[in-house]
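Chemist: Let me give you the structure first, and then I'll get to my questions.
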Amino acid sequence: MTLSDEELAEELSDGTVVRAPSRARVVSRRFFASTQGRIGFAVLALMFLLAFAGPLFSPWTYTDKDFTAFLQPPSARHWFGTLQTGADVFAVTLRGMQKSLVVGLLAALVSTALAAIVGAFAGYFMGWTDRALSWVTDLLLVLPAFLILAILSPLFGAGQWPLFVIMLALFLWMVTSKIVRGMAISIKQREYVQAARYMGVPPVRIIFRHVIPNMSSLLIVDATLNVSSAILTETSLSYFGFGIQPPDVSFGTLIADGSKTAVYAPWTFWFVAGLLVITVLAVNLVGDALRDAFDPSSSRSER
């Protein structure tokens, strides 16, 4: 009988077909069996819902200014209070959360994809390909990423945040690529890869059909953990004015502005700082739970 990609089946001697759950179902069950997985997923889903659905319920947008309420505390009119410019803190905070989440997700996906491709090609081909890609990887590891991004910050003007995402991703993939390289060297020795080579399957197709998919657990966990790294890096750069540029906002720009008035107007700082901490904590909980779910030998995944 023909088996689908989603499930395995075994026909017993009496004709009964026993279907085993797919790997995705097993991982999903182990993930949601974990307390930290459930908490992290619920909190992260709530953060996304708040960031993208919250502005629909606010009477203010992040560009609006209330010239009758400068630096006012939270009230029925302004739920999180206002800034020195009269901007609604709730509206600008959710806008900043949107930008930071999008930047973090895109940077994590790009960096993980880059790590997978570079590491897999280096480990599969070896020789001069491995030496060239390893040289590039080692070079980027020793370059001061923060300084380079700061120098290039004038390029990240209004509307140019996708360029910032690409530059941020370029400094997040190197360590993972070295792990992927070692796994690729091992995977290319397996029987199914050897069989594909003897059948004349092109090397690039083997890499994308057999090598990289067999590292899915590592890559998924790495992408998840890179989200929090990208968010924190973006926040740090934007705090010093080297990341997201005005008139747009992010966690970093809002924290930088709020830190100036945090002592006598705490609502300008603590709401966004608290949401940043909660978001990063939720992402890390999801990443740790995914790592345990993919690892059958982990005892924590059953808790």
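Chain lettering (A, B, ...) mirrors the order of the structure tokens, residue numbering begins at 1 for each chain separately, and ligand numbering begins at 1 in order of display.
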What's around segment 56-63 of chain A at 9 Å? Count only C-alpha atoms, leave out sequence neighbours fewer than 6 positions away in its own chain, and write the answer as a list in words.

Modeler: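 Returned residues: Arg77, His78, Trp79, Ala87, Asp88, Val89, Phe90, Ala91, Val92, Thr93, Leu94, Arg95, Pro247 and Val249 of chain A.
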
Chemist: Could you list, as a list in words, every residue within 10 Å of Lys178 of chain A, counting only C-alpha atoms and ignoring same-chain residues fewer than 2 positions away?

Modeler: Ala115, Ala116, Val118, Gly119, Ala120, Ala122, Gly123, Ser134, Thr137, Asp138, Trp173, Met174, Val175, Thr176, Val180, Arg181, Gly182, Met183 and Ala184 of chain A

Chemist: Quick one: distance from atom CA of Ala24 of chain A to atom CA of Gly287 of chain A in Å, one decimal?

Modeler: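 Straight-line distance from atom CA of Ala24 of chain A to atom CA of Gly287 of chain A works out to 15.8 Å.
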
Chemist: Within 12 Å of Ala265 of chain A, counting only C-alpha atoms, which residues qualify if same-chain residues fewer than 4 places away don't, as a VMD selection string?

Modeler: chain A and resid 70 to 74 80 to 84 89 257 to 261 269 to 271

Chemist: Those residues you just picked out, can you put them in a file as an mmCIF file, in the first residue's frame with N, CA and C atoms?

Modeler:
data_model
loop_
_atom_site.group_PDB
_atom_site.id
_atom_site.type_symbol
_atom_site.label_atom_id
_atom_site.label_comp_id
_atom_site.auth_asym_id
_atom_site.auth_seq_id
_atom_site.Cartn_x
_atom_site.Cartn_y
_atom_site.Cartn_z
ATOM 1 N N PHE A 70 -0.754 66.840 26.995
ATOM 2 C CA PHE A 70 0.676 66.564 26.886
ATOM 3 C C PHE A 70 1.154 65.874 28.165
ATOM 4 N N LEU A 71 1.759 64.709 27.994
ATOM 5 C CA LEU A 71 2.344 63.959 29.105
ATOM 6 C C LEU A 71 1.317 63.725 30.226
ATOM 7 N N GLN A 72 0.143 63.259 29.818
ATOM 8 C CA GLN A 72 -0.924 62.991 30.776
ATOM 9 C C GLN A 72 -0.904 61.524 31.191
ATOM 10 N N PRO A 73 -1.241 61.213 32.457
ATOM 11 C CA PRO A 73 -1.264 59.823 32.928
ATOM 12 C C PRO A 73 -2.416 59.046 32.289
ATOM 13 N N PRO A 74 -2.432 57.730 32.449
ATOM 14 C CA PRO A 74 -3.515 56.919 31.881
ATOM 15 C C PRO A 74 -4.885 57.393 32.343
ATOM 16 N N PHE A 80 -3.153 54.319 28.054
ATOM 17 C CA PHE A 80 -1.781 54.222 28.573
ATOM 18 C C PHE A 80 -1.166 55.597 28.808
ATOM 19 N N GLY A 81 -1.968 56.648 28.762
ATOM 20 C CA GLY A 81 -1.443 57.990 28.909
ATOM 21 C C GLY A 81 -0.938 58.553 27.588
ATOM 22 N N THR A 82 -0.246 59.688 27.665
ATOM 23 C CA THR A 82 0.277 60.343 26.461
ATOM 24 C C THR A 82 1.761 60.675 26.635
ATOM 25 N N LEU A 83 2.402 60.939 25.498
ATOM 26 C CA LEU A 83 3.805 61.350 25.495
ATOM 27 C C LEU A 83 3.908 62.865 25.556
ATOM 28 N N GLN A 84 5.140 63.365 25.555
ATOM 29 C CA GLN A 84 5.351 64.812 25.560
ATOM 30 C C GLN A 84 4.785 65.476 24.317
ATOM 31 N N VAL A 89 0.050 56.783 24.096
ATOM 32 C CA VAL A 89 1.050 55.760 24.405
ATOM 33 C C VAL A 89 0.565 54.376 23.971
ATOM 34 N N ASP A 257 12.903 57.014 24.041
ATOM 35 C CA ASP A 257 12.152 58.239 24.353
ATOM 36 C C ASP A 257 11.589 58.200 25.773
ATOM 37 N N GLY A 258 11.072 57.032 26.177
ATOM 38 C CA GLY A 258 10.457 56.922 27.492
ATOM 39 C C GLY A 258 11.435 56.982 28.635
ATOM 40 N N SER A 259 12.695 56.601 28.386
ATOM 41 C CA SER A 259 13.686 56.626 29.459
ATOM 42 C C SER A 259 13.975 58.036 29.945
ATOM 43 N N LYS A 260 13.736 59.016 29.104
ATOM 44 C CA LYS A 260 13.995 60.404 29.486
ATOM 45 C C LYS A 260 12.958 60.923 30.481
ATOM 46 N N THR A 261 11.765 60.325 30.465
ATOM 47 C CA THR A 261 10.682 60.797 31.340
ATOM 48 C C THR A 261 10.204 59.706 32.295
ATOM 49 N N PHE A 269 7.347 54.783 29.793
ATOM 50 C CA PHE A 269 8.442 53.823 29.694
ATOM 51 C C PHE A 269 8.033 52.400 30.072
ATOM 52 N N TRP A 270 7.320 52.247 31.168
ATOM 53 C CA TRP A 270 7.125 50.918 31.732
ATOM 54 C C TRP A 270 6.158 50.055 30.949
ATOM 55 N N PHE A 271 5.176 50.641 30.258
ATOM 56 C CA PHE A 271 4.269 49.823 29.453
ATOM 57 C C PHE A 271 5.031 49.118 28.331
#

Chemist: If we count only C-alpha atoms, what is near segment 141-157 of chain A at a cut-off of 6 Å, once residues fewer than 3 positions away on the same chain are taken out, given as JSON, numbers by chain?

Modeler: {"A": [138, 160, 161, 164, 242, 245]}

Chemist: Would you save the residues from that selection as a compact mmCIF listing (two decimals), in the first residue's frame, using C-alpha atoms?

Modeler:
# COMPACT_ATOMS: atom_id res chain seq x y z
CA ASP A 138 34.60 33.05 10.29
CA GLN A 160 13.73 51.15 4.36
CA TRP A 161 13.20 48.76 7.29
CA PHE A 164 17.54 46.71 8.13
CA PHE A 242 20.75 53.03 14.62
CA GLN A 245 14.16 55.38 11.90
